[in-house]
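Text of the file upload30.txt, holding compact mmCIF, C-alpha atoms:
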# COMPACT_ATOMS: atom_id res chain seq x y z
CA MET A 1 -11.00 -9.25 22.73
CA ASN A 2 -10.49 -12.38 20.65
CA ASN A 3 -11.36 -10.41 17.51
CA VAL A 4 -8.87 -7.71 18.48
CA LEU A 5 -6.14 -10.33 18.85
CA ARG A 6 -7.09 -11.90 15.53
CA GLY A 7 -7.12 -8.48 13.89
CA ALA A 8 -3.68 -7.76 15.33
CA ALA A 9 -2.39 -11.09 14.03
CA TRP A 10 -3.70 -10.35 10.54
CA MET A 11 -2.09 -6.87 10.64
CA ILE A 12 1.26 -8.35 11.67
CA LEU A 13 0.97 -10.88 8.84
CA ALA A 14 0.20 -8.04 6.41
CA GLY A 15 3.30 -6.16 7.55
CA LEU A 16 5.49 -9.25 7.31
CA CYS A 17 4.30 -10.06 3.77
CA TRP A 18 4.66 -6.42 2.71
CA THR A 19 8.25 -6.43 3.99
CA ILE A 20 9.07 -9.71 2.22
CA MET A 21 7.60 -8.32 -1.00
CA THR A 22 9.76 -5.18 -0.82
CA ILE A 23 12.87 -7.27 -0.09
CA LEU A 24 12.22 -9.41 -3.17
CA VAL A 25 11.57 -6.33 -5.30
CA ARG A 26 14.88 -4.84 -4.16
CA GLN A 27 16.64 -8.13 -4.86
CA LEU A 28 15.38 -8.26 -8.47
CA SER A 29 15.43 -4.54 -9.29
CA GLY A 30 19.00 -4.70 -10.60
CA ASP A 31 18.00 -7.15 -13.35
CA TYR A 32 14.36 -6.29 -14.11
CA SER A 33 12.44 -3.04 -14.49
CA SER A 34 9.69 -2.04 -12.07
CA PHE A 35 7.26 -2.44 -15.00
CA GLU A 36 8.08 -6.13 -15.45
CA ILE A 37 8.17 -6.90 -11.73
CA LEU A 38 4.75 -5.30 -11.30
CA PHE A 39 3.37 -7.31 -14.23
CA PHE A 40 4.43 -10.57 -12.59
CA ARG A 41 3.00 -9.39 -9.26
CA ASN A 42 -0.40 -8.94 -10.90
CA LEU A 43 -0.20 -12.09 -12.99
CA VAL A 44 0.33 -14.17 -9.85
CA ALA A 45 -2.49 -12.32 -8.04
CA VAL A 46 -4.95 -13.06 -10.86
CA CYS A 47 -3.90 -16.74 -10.87
CA ILE A 48 -4.67 -16.86 -7.14
CA LEU A 49 -7.99 -15.01 -7.29
CA LEU A 50 -9.49 -16.32 -10.53
CA PRO A 51 -10.31 -19.86 -9.27
CA GLN A 52 -12.08 -18.37 -6.25
CA SER A 53 -14.13 -16.09 -8.49
CA ILE A 54 -15.09 -19.00 -10.74
CA ARG A 55 -16.29 -20.98 -7.71
CA ARG A 56 -18.46 -18.07 -6.58
CA GLY A 57 -19.93 -17.71 -10.06
CA PHE A 58 -19.36 -14.92 -12.55
CA SER A 59 -22.88 -13.59 -11.97
CA SER A 60 -21.65 -12.27 -8.62
CA LEU A 61 -19.11 -10.11 -10.47
CA LYS A 62 -21.60 -8.17 -12.59
CA THR A 63 -21.14 -4.44 -12.09
CA GLN A 64 -22.57 -1.22 -13.46
CA ARG A 65 -19.48 0.74 -12.45
CA LEU A 66 -16.75 -0.62 -14.69
CA PRO A 67 -15.32 2.86 -15.51
CA LEU A 68 -14.74 3.53 -11.81
CA HIS A 69 -13.14 0.11 -11.41
CA CYS A 70 -10.85 0.98 -14.34
CA LEU A 71 -9.90 4.31 -12.76
CA ARG A 72 -9.16 2.59 -9.45
CA ALA A 73 -7.02 -0.04 -11.21
CA PHE A 74 -5.01 2.64 -13.05
CA LEU A 75 -4.42 4.66 -9.88
CA SER A 76 -3.37 1.51 -8.01
CA TYR A 77 -1.02 0.61 -10.85
CA VAL A 78 0.65 4.01 -10.61
CA GLY A 79 0.86 3.69 -6.83
CA VAL A 80 2.49 0.24 -6.88
CA LEU A 81 4.82 1.15 -9.76
CA LEU A 82 6.14 4.24 -7.96
CA LEU A 83 6.47 2.23 -4.74
CA PHE A 84 8.56 -0.41 -6.52
CA TYR A 85 10.74 2.31 -8.06
CA GLY A 86 11.30 3.76 -4.61
CA VAL A 87 12.14 0.34 -3.16
CA ALA A 88 14.78 -0.07 -5.87
CA ASN A 89 16.43 3.31 -5.29
CA ILE A 90 16.19 4.49 -1.66
CA PRO A 91 16.61 2.74 1.72
CA LEU A 92 13.74 0.46 2.74
CA PRO A 93 13.16 2.29 6.08
CA ASP A 94 12.58 5.52 4.12
CA VAL A 95 10.11 3.83 1.77
CA THR A 96 8.24 2.31 4.70
CA ALA A 97 8.09 5.57 6.63
CA LEU A 98 6.81 7.52 3.61
CA SER A 99 4.14 4.88 2.93
CA PHE A 100 2.54 5.80 6.27
CA THR A 101 1.41 9.14 4.74
CA GLN A 102 -1.40 7.43 2.80
CA PRO A 103 -4.10 7.90 5.51
CA LEU A 104 -3.25 11.61 5.65
CA PHE A 105 -3.94 12.01 1.93
CA VAL A 106 -7.17 9.98 2.28
CA VAL A 107 -8.56 12.43 4.87
CA LEU A 108 -7.54 15.41 2.75
CA LEU A 109 -9.11 13.96 -0.41
CA ALA A 110 -12.26 12.80 1.41
CA ALA A 111 -12.85 16.37 2.49
CA LEU A 112 -12.14 17.86 -0.94
CA ILE A 113 -13.73 15.23 -3.22
CA LEU A 114 -16.36 13.43 -1.14
CA LYS A 115 -17.20 16.59 0.86
CA GLU A 116 -16.94 14.61 4.10
CA SER A 117 -16.99 16.60 7.33
CA VAL A 118 -13.55 16.72 8.93
CA ASN A 119 -13.25 18.10 12.47
CA GLY A 120 -10.46 20.19 13.94
CA ALA A 121 -8.75 17.22 15.60
CA CYS A 122 -8.44 15.46 12.24
CA TRP A 123 -7.03 18.53 10.53
CA ALA A 124 -4.48 18.92 13.35
CA ALA A 125 -3.44 15.28 12.91
CA VAL A 126 -3.09 15.73 9.13
CA ILE A 127 -0.94 18.86 9.56
CA ALA A 128 1.25 17.08 12.13
CA GLY A 129 1.61 14.13 9.74
CA PHE A 130 2.85 16.35 6.93
CA VAL A 131 5.32 17.94 9.36
CA GLY A 132 6.62 14.40 9.92
CA LEU A 133 6.95 14.03 6.16
CA LEU A 134 9.06 17.20 6.02
CA VAL A 135 11.25 15.85 8.84
CA ILE A 136 12.07 12.78 6.70
CA VAL A 137 12.52 14.59 3.39
CA ARG A 138 14.16 17.74 4.86
CA PRO A 139 13.89 19.91 1.72
CA GLY A 140 16.46 22.71 1.73
CA PHE A 141 18.74 20.80 4.10
CA ILE A 142 19.56 17.75 1.97
CA ALA A 143 19.11 16.96 -1.71
CA VAL A 144 15.67 15.47 -2.28
CA GLU A 145 15.97 12.36 -4.43
CA LEU A 146 13.51 11.72 -7.26
CA ALA A 147 12.68 8.30 -5.79
CA THR A 148 11.67 9.94 -2.49
CA VAL A 149 9.25 12.28 -4.26
CA LEU A 150 7.82 9.38 -6.27
CA VAL A 151 7.15 7.32 -3.13
CA VAL A 152 5.15 10.25 -1.73
CA PHE A 153 3.23 10.38 -5.02
CA SER A 154 2.71 6.62 -4.63
CA ALA A 155 1.01 7.22 -1.28
CA PHE A 156 -1.11 9.96 -2.87
CA SER A 157 -2.10 7.68 -5.75
CA TYR A 158 -3.07 4.93 -3.28
CA ALA A 159 -5.15 7.48 -1.38
CA VAL A 160 -7.07 8.52 -4.52
CA SER A 161 -7.58 4.82 -5.26
CA ASN A 162 -9.06 4.39 -1.78
CA ILE A 163 -11.48 7.24 -2.47
CA CYS A 164 -12.62 5.27 -5.52
CA VAL A 165 -13.10 2.22 -3.29
CA LYS A 166 -15.30 4.28 -0.95
CA ARG A 167 -17.47 5.19 -3.93
CA LEU A 168 -17.55 1.60 -5.19
CA MET A 169 -18.58 0.19 -1.81
CA THR A 170 -21.88 2.08 -2.03
CA THR A 171 -23.01 -0.31 -4.80
CA ASP A 172 -20.49 -3.15 -5.27
CA THR A 173 -19.06 -5.83 -2.98
CA ALA A 174 -15.54 -6.24 -1.65
CA ASN A 175 -15.14 -9.38 -3.81
CA GLN A 176 -15.98 -7.39 -6.93
CA SER A 177 -13.55 -4.66 -5.93
CA VAL A 178 -10.64 -7.08 -5.37
CA PHE A 179 -11.35 -9.08 -8.55
CA TYR A 180 -11.59 -6.10 -10.90
CA PHE A 181 -8.66 -4.36 -9.19
CA ASN A 182 -6.29 -7.21 -10.07
CA LEU A 183 -7.82 -8.25 -13.39
CA LEU A 184 -7.86 -4.73 -14.86
CA MET A 185 -4.35 -3.95 -13.61
CA LEU A 186 -2.95 -6.91 -15.55
CA PRO A 187 -3.26 -5.45 -19.10
CA ILE A 188 -2.29 -2.01 -17.80
CA ALA A 189 0.90 -3.54 -16.40
CA LEU A 190 1.59 -5.69 -19.47
CA VAL A 191 1.84 -2.91 -22.08
CA PRO A 192 4.82 -0.98 -20.60
CA ALA A 193 6.43 -4.24 -19.39
CA ILE A 194 6.72 -5.39 -23.03
CA PHE A 195 9.01 -2.45 -23.85
CA PHE A 196 11.32 -3.23 -20.91
CA TRP A 197 11.03 -7.02 -21.08
CA VAL A 198 13.87 -9.22 -19.90
CA THR A 199 13.17 -12.95 -20.07
CA PRO A 200 13.37 -14.11 -16.44
CA ALA A 201 16.08 -16.55 -15.48
CA LEU A 202 14.74 -19.81 -14.10
CA ALA A 203 16.36 -19.09 -10.72
CA ASP A 204 14.46 -15.77 -10.48
CA LEU A 205 10.97 -17.20 -11.09
CA PRO A 206 10.43 -18.20 -7.41
CA PHE A 207 11.25 -14.62 -6.41
CA LEU A 208 8.81 -13.17 -8.96
CA VAL A 209 6.10 -15.56 -7.78
CA GLY A 210 6.97 -14.66 -4.18
CA ILE A 211 6.36 -10.98 -4.92
CA GLY A 212 2.89 -11.79 -6.24
CA VAL A 213 1.99 -14.18 -3.42
CA ASN A 214 3.20 -11.90 -0.63
CA GLY A 215 1.65 -8.82 -2.22
CA THR A 216 -1.72 -10.57 -2.50
CA ILE A 217 -1.61 -11.92 1.05
CA ALA A 218 -0.59 -8.49 2.40
CA VAL A 219 -3.60 -6.80 0.78
CA TYR A 220 -5.99 -9.51 2.00
CA ALA A 221 -4.55 -9.62 5.53
CA TYR A 222 -4.69 -5.82 5.84
CA ALA A 223 -8.36 -5.75 4.85
CA ARG A 224 -9.15 -8.79 7.03
CA SER A 225 -7.62 -7.05 10.04
CA PHE A 226 -10.02 -4.12 9.71
CA THR A 227 -13.05 -6.41 9.40
CA LEU A 228 -12.25 -8.03 12.77
CA ALA A 229 -11.51 -4.98 14.91
CA ASP A 230 -11.57 -1.18 14.94
CA ALA A 231 -8.81 0.56 13.03
CA SER A 232 -7.65 2.22 16.26
CA ALA A 233 -7.11 -1.23 17.82
CA VAL A 234 -5.05 -2.76 15.00
CA MET A 235 -3.25 0.30 13.55
CA PRO A 236 -0.40 0.21 16.13
CA PHE A 237 0.58 -3.20 14.81
CA ASP A 238 0.98 -1.74 11.32
CA PHE A 239 3.93 0.27 12.66
CA LEU A 240 5.81 -3.02 13.09
CA ARG A 241 6.51 -2.75 9.36
CA MET A 242 9.11 -0.10 10.27
CA PRO A 243 11.37 -2.27 12.47
CA MET A 244 10.77 -5.22 10.11
CA ALA A 245 11.96 -3.19 7.13
CA ALA A 246 14.84 -1.63 9.08
CA THR A 247 16.07 -5.03 10.29
CA ALA A 248 15.84 -6.57 6.81
CA ALA A 249 17.57 -3.56 5.23
CA PHE A 250 20.43 -3.79 7.74
CA LEU A 251 20.92 -7.55 7.50
CA LEU A 252 20.51 -7.93 3.74
CA PHE A 253 21.58 -4.59 2.24
CA SER A 254 23.66 -2.95 5.03
CA GLU A 255 21.24 0.01 5.10
CA ILE A 256 20.59 1.94 8.29
CA GLY A 257 17.65 4.31 8.57
CA ASP A 258 18.88 7.62 10.00
CA LEU A 259 17.49 9.27 13.13
CA TRP A 260 15.38 11.76 11.13
CA THR A 261 13.64 8.90 9.30
CA TRP A 262 12.65 7.34 12.64
CA ILE A 263 11.50 10.64 14.13
CA GLY A 264 9.47 11.52 11.03
CA SER A 265 7.94 8.05 10.79
CA ILE A 266 6.85 8.17 14.44
CA ILE A 267 5.22 11.58 13.88
CA ILE A 268 3.45 10.39 10.71
CA PHE A 269 2.29 7.15 12.25
CA SER A 270 1.09 8.89 15.43
CA SER A 271 -0.96 11.22 13.23
CA SER A 272 -2.45 8.28 11.33
CA TYR A 273 -3.29 6.55 14.61
CA ALA A 274 -4.95 9.73 15.92
CA LEU A 275 -7.07 9.85 12.76
CA ALA A 276 -8.12 6.21 13.24
CA LYS A 277 -8.91 6.83 16.92
CA ASN A 278 -10.97 9.91 16.12
CA SER A 279 -12.84 8.07 13.36
CA SER A 280 -13.65 5.24 15.77
CA LYS A 281 -15.05 7.68 18.36
CA LEU A 282 -17.21 9.45 15.76
CA THR A 283 -18.56 6.09 14.51
CA LYS A 284 -19.56 4.99 18.02
CA SER A 285 -21.04 8.35 19.05

Represent the structure from my file as C-alpha cells, please.
Amino acid sequence: MNNVLRGAAWMILAGLCWTIMTILVRQLSGDYSSFEILFFRNLVAVCILLPQSIRRGFSSLKTQRLPLHCLRAFLSYVGVLLLFYGVANIPLPDVTALSFTQPLFVVLLAALILKESVNGACWAAVIAGFVGLLVIVRPGFIAVELATVLVVFSAFSYAVSNICVKRLMTTDTANQSVFYFNLLMLPIALVPAIFFWVTPALADLPFLVGIGVNGTIAVYAYARSFTLADASAVMPFDFLRMPMAATAAFLLFSEIGDLWTWIGSIIIFSSSYALAKNSSKLTKS
C-alpha cells in the first residue's frame, strides 16, 4: 500500500509539472516559436541529465541500437513539437483531453507492429476511446482546427515512440533510453530553431528554464510512478491533469473547457484505465 501511495504521489507530481510546463509554453508562445521553445526544453534537460550520466560512467551508455534511439528521438521531437503548437493555439483543457489518447494508439500499434495479442476487452476499450475522441473533435458539427488535428498526431507520434522504447528495453537500460532520448533530440531541435530564432529577453529565461525543468521532472515522475505500483493503481491520478489544466486555463487565460471536452475526456480516460486494468490482470494471471 505504501508503494501505491508513493506511486500516486509521483503521478500527481507528473501531472502538476506537465501542467506548469504547458502554462509556460502558452505564456511564451506569442513571442517565440514552438521550435525555439522545444530547443530550450531539451537544452535544459541535457544539462540536468549529463552530470548524472558522467557520474555513472560513459561505459554504461554503450549501445548497439543507436539507429533505434535516433528514430525514437525524432518521433518524440515531432510529438513534443506538435503538442507545443497545440498548447499555443487551442484551449489547454482540449490539449490535455486529447493527450489521453496516447495509450489507445499504443495498443493499436503494438498489435500491428509488435504482433502482440490483444483480446476483445482491449479492442472494445480502444474503440470506446476513439469514440471519446470524436466527441471532443465533433467533425461535421464544428470546424476542426489544424491545431486539434496536430495534437492528435502528437499523441500518435508519442505512441510510436513508446513502441520504440518497448523494443529498446529488450537490450538497453532505462538510463540509456532517457540519456539518448534527450541528447539526440537536442541537435534535431536546434536546426529548425535557428531559422525561427528570437534572442530571448532576460526576463523570459526563467520561463524557458522552467519549461525544461518541469518537462524533465514530469517524464521522470511519470516513469517513477509506474515502477512503484501497477498502472491500474496510479492511472486514475493521471486524470487530475484535466482539472489542473482547466483551473489554470480559467484563472490565467479565461478559457473554459466546454461540456463536450469533459465528456470526451472522461470516455477516453476511462478507456485508457480499462486497458491498464486489463493489462494488470493478464500480467498477474

Practice task
Name the residues in contact with Cys17 of chain A at a cut-off of 12 Å, using all atoms listed in the file, excluding same-chain residues fewer than 6 positions from it; report them as a PyMOL selection string.
Solution key: chain A and resi 10-11+23-24+210-222+238+240-241+244-245

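Considering the residues A:Phe226, A:Phe237, A:Trp197, A:Phe269 and counting only C-alpha atoms, Gly129 of chain A has its shortest atom-to-atom contact with A:Phe269.
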
Problem - Nearby residues (only C-alpha atoms) at most 8 Å from Leu168 of chain A, same-chain spacing under 3 positions excluded, as an NGL selection string - result: :A and (65 or 68-69 or 164-165 or 171-173 or 177)

Next, write the just-selected residues to a file, as a PDB file, keeping the file's coordinate frame, keeping C-alpha atoms as the atom set.
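This is the output file result_17.pdb:
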ATOM      1  CA  ARG A  65     -19.480   0.740 -12.450  1.00  0.00           C
ATOM      2  CA  LEU A  68     -14.740   3.530 -11.810  1.00  0.00           C
ATOM      3  CA  HIS A  69     -13.140   0.110 -11.410  1.00  0.00           C
ATOM      4  CA  CYS A 164     -12.620   5.270  -5.520  1.00  0.00           C
ATOM      5  CA  VAL A 165     -13.100   2.220  -3.290  1.00  0.00           C
ATOM      6  CA  THR A 171     -23.010  -0.310  -4.800  1.00  0.00           C
ATOM      7  CA  ASP A 172     -20.490  -3.150  -5.270  1.00  0.00           C
ATOM      8  CA  THR A 173     -19.060  -5.830  -2.980  1.00  0.00           C
ATOM      9  CA  SER A 177     -13.550  -4.660  -5.930  1.00  0.00           C
TER      10      SER A 177
END

Exercise for the section: Provide the atom CA of Phe84 of chain A to atom CA of Ile37 of chain A distance in Å, to one decimal place. Expected result: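 We find that atom CA of Phe84 of chain A and atom CA of Ile37 of chain A lie 8.3 Å from each other.
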
Practice task
Calculate how many Å separate atom CA of Phe100 of chain A from atom CA of Ala73 of chain A, rounding to one decimal.
Solution key: 20.8 Å

Fill in the blank from the handout: Here atom CA of Val4 of chain A and atom CA of Thr227 of chain A stand apart by 10.1 Å

Repaired coordinates for segment 154-187 of chain A (N, CA and C atoms) as a JSON list (two decimals), in the coordinates of the input:
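Below is the file result_31.json, written as the result:
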[["chain", "number", "residue", "atom", "x", "y", "z"],
["A", 154, "SER", "N", 3.30, 7.96, -4.73],
["A", 154, "SER", "CA", 2.71, 6.62, -4.63],
["A", 154, "SER", "C", 1.65, 6.60, -3.54],
["A", 155, "ALA", "N", 1.98, 7.16, -2.37],
["A", 155, "ALA", "CA", 1.01, 7.22, -1.28],
["A", 155, "ALA", "C", -0.22, 8.04, -1.68],
["A", 156, "PHE", "N", 0.02, 9.13, -2.41],
["A", 156, "PHE", "CA", -1.11, 9.96, -2.87],
["A", 156, "PHE", "C", -1.99, 9.19, -3.85],
["A", 157, "SER", "N", -1.36, 8.47, -4.77],
["A", 157, "SER", "CA", -2.10, 7.68, -5.75],
["A", 157, "SER", "C", -2.93, 6.59, -5.07],
["A", 158, "TYR", "N", -2.33, 5.92, -4.07],
["A", 158, "TYR", "CA", -3.07, 4.93, -3.28],
["A", 158, "TYR", "C", -4.27, 5.57, -2.61],
["A", 159, "ALA", "N", -4.07, 6.79, -2.09],
["A", 159, "ALA", "CA", -5.15, 7.48, -1.38],
["A", 159, "ALA", "C", -6.32, 7.78, -2.33],
["A", 160, "VAL", "N", -6.01, 8.26, -3.54],
["A", 160, "VAL", "CA", -7.07, 8.52, -4.52],
["A", 160, "VAL", "C", -7.78, 7.21, -4.88],
["A", 161, "SER", "N", -7.00, 6.14, -4.99],
["A", 161, "SER", "CA", -7.58, 4.82, -5.26],
["A", 161, "SER", "C", -8.55, 4.42, -4.16],
["A", 162, "ASN", "N", -8.19, 4.72, -2.91],
["A", 162, "ASN", "CA", -9.06, 4.39, -1.78],
["A", 162, "ASN", "C", -10.35, 5.21, -1.80],
["A", 163, "ILE", "N", -10.27, 6.43, -2.31],
["A", 163, "ILE", "CA", -11.48, 7.24, -2.47],
["A", 163, "ILE", "C", -12.41, 6.57, -3.48],
["A", 164, "CYS", "N", -11.82, 6.02, -4.55],
["A", 164, "CYS", "CA", -12.62, 5.27, -5.52],
["A", 164, "CYS", "C", -13.29, 4.06, -4.87],
["A", 165, "VAL", "N", -12.54, 3.38, -3.99],
["A", 165, "VAL", "CA", -13.10, 2.22, -3.29],
["A", 165, "VAL", "C", -14.30, 2.65, -2.44],
["A", 166, "LYS", "N", -14.19, 3.79, -1.77],
["A", 166, "LYS", "CA", -15.30, 4.28, -0.95],
["A", 166, "LYS", "C", -16.54, 4.48, -1.81],
["A", 167, "ARG", "N", -16.35, 5.01, -3.00],
["A", 167, "ARG", "CA", -17.47, 5.19, -3.93],
["A", 167, "ARG", "C", -18.03, 3.84, -4.37],
["A", 168, "LEU", "N", -17.14, 2.92, -4.70],
["A", 168, "LEU", "CA", -17.55, 1.60, -5.19],
["A", 168, "LEU", "C", -18.32, 0.81, -4.14],
["A", 169, "MET", "N", -17.95, 0.97, -2.87],
["A", 169, "MET", "CA", -18.58, 0.19, -1.81],
["A", 169, "MET", "C", -20.02, 0.61, -1.54],
["A", 170, "THR", "N", -20.48, 1.70, -2.18],
["A", 170, "THR", "CA", -21.88, 2.08, -2.03],
["A", 170, "THR", "C", -22.80, 1.21, -2.90],
["A", 171, "THR", "N", -22.20, 0.52, -3.90],
["A", 171, "THR", "CA", -23.01, -0.31, -4.80],
["A", 171, "THR", "C", -22.46, -1.72, -4.99],
["A", 172, "ASP", "N", -21.13, -1.87, -4.98],
["A", 172, "ASP", "CA", -20.49, -3.15, -5.27],
["A", 172, "ASP", "C", -19.99, -3.82, -4.00],
["A", 173, "THR", "N", -19.57, -5.08, -4.13],
["A", 173, "THR", "CA", -19.06, -5.83, -2.98],
["A", 173, "THR", "C", -17.54, -5.78, -2.94],
["A", 174, "ALA", "N", -16.99, -6.19, -1.79],
["A", 174, "ALA", "CA", -15.54, -6.24, -1.65],
["A", 174, "ALA", "C", -14.93, -7.24, -2.63],
["A", 175, "ASN", "N", -15.64, -8.38, -2.85],
["A", 175, "ASN", "CA", -15.14, -9.38, -3.81],
["A", 175, "ASN", "C", -15.03, -8.81, -5.21],
["A", 176, "GLN", "N", -16.03, -8.03, -5.61],
["A", 176, "GLN", "CA", -15.98, -7.39, -6.93],
["A", 176, "GLN", "C", -14.80, -6.42, -7.01],
["A", 177, "SER", "N", -14.62, -5.66, -5.95],
["A", 177, "SER", "CA", -13.55, -4.66, -5.93],
["A", 177, "SER", "C", -12.19, -5.32, -6.07],
["A", 178, "VAL", "N", -11.93, -6.40, -5.32],
["A", 178, "VAL", "CA", -10.64, -7.08, -5.37],
["A", 178, "VAL", "C", -10.43, -7.73, -6.73],
["A", 179, "PHE", "N", -11.47, -8.37, -7.27],
["A", 179, "PHE", "CA", -11.35, -9.08, -8.55],
["A", 179, "PHE", "C", -11.02, -8.11, -9.68],
["A", 180, "TYR", "N", -11.80, -7.03, -9.80],
["A", 180, "TYR", "CA", -11.59, -6.10, -10.90],
["A", 180, "TYR", "C", -10.28, -5.32, -10.72],
["A", 181, "PHE", "N", -9.92, -5.05, -9.48],
["A", 181, "PHE", "CA", -8.66, -4.36, -9.19],
["A", 181, "PHE", "C", -7.48, -5.10, -9.80],
["A", 182, "ASN", "N", -7.41, -6.42, -9.57],
["A", 182, "ASN", "CA", -6.29, -7.21, -10.07],
["A", 182, "ASN", "C", -6.43, -7.54, -11.55],
["A", 183, "LEU", "N", -7.63, -7.87, -11.99],
["A", 183, "LEU", "CA", -7.82, -8.25, -13.39],
["A", 183, "LEU", "C", -7.53, -7.07, -14.33],
["A", 184, "LEU", "N", -8.04, -5.89, -13.99],
["A", 184, "LEU", "CA", -7.86, -4.73, -14.86],
["A", 184, "LEU", "C", -6.43, -4.19, -14.81],
["A", 185, "MET", "N", -5.74, -4.40, -13.69],
["A", 185, "MET", "CA", -4.35, -3.95, -13.61],
["A", 185, "MET", "C", -3.44, -4.77, -14.50],
["A", 186, "LEU", "N", -3.82, -6.01, -14.80],
["A", 186, "LEU", "CA", -2.95, -6.91, -15.55],
["A", 186, "LEU", "C", -2.61, -6.37, -16.95],
["A", 187, "PRO", "N", -3.62, -6.01, -17.79],
["A", 187, "PRO", "CA", -3.26, -5.45, -19.10],
["A", 187, "PRO", "C", -2.58, -4.09, -19.00]]
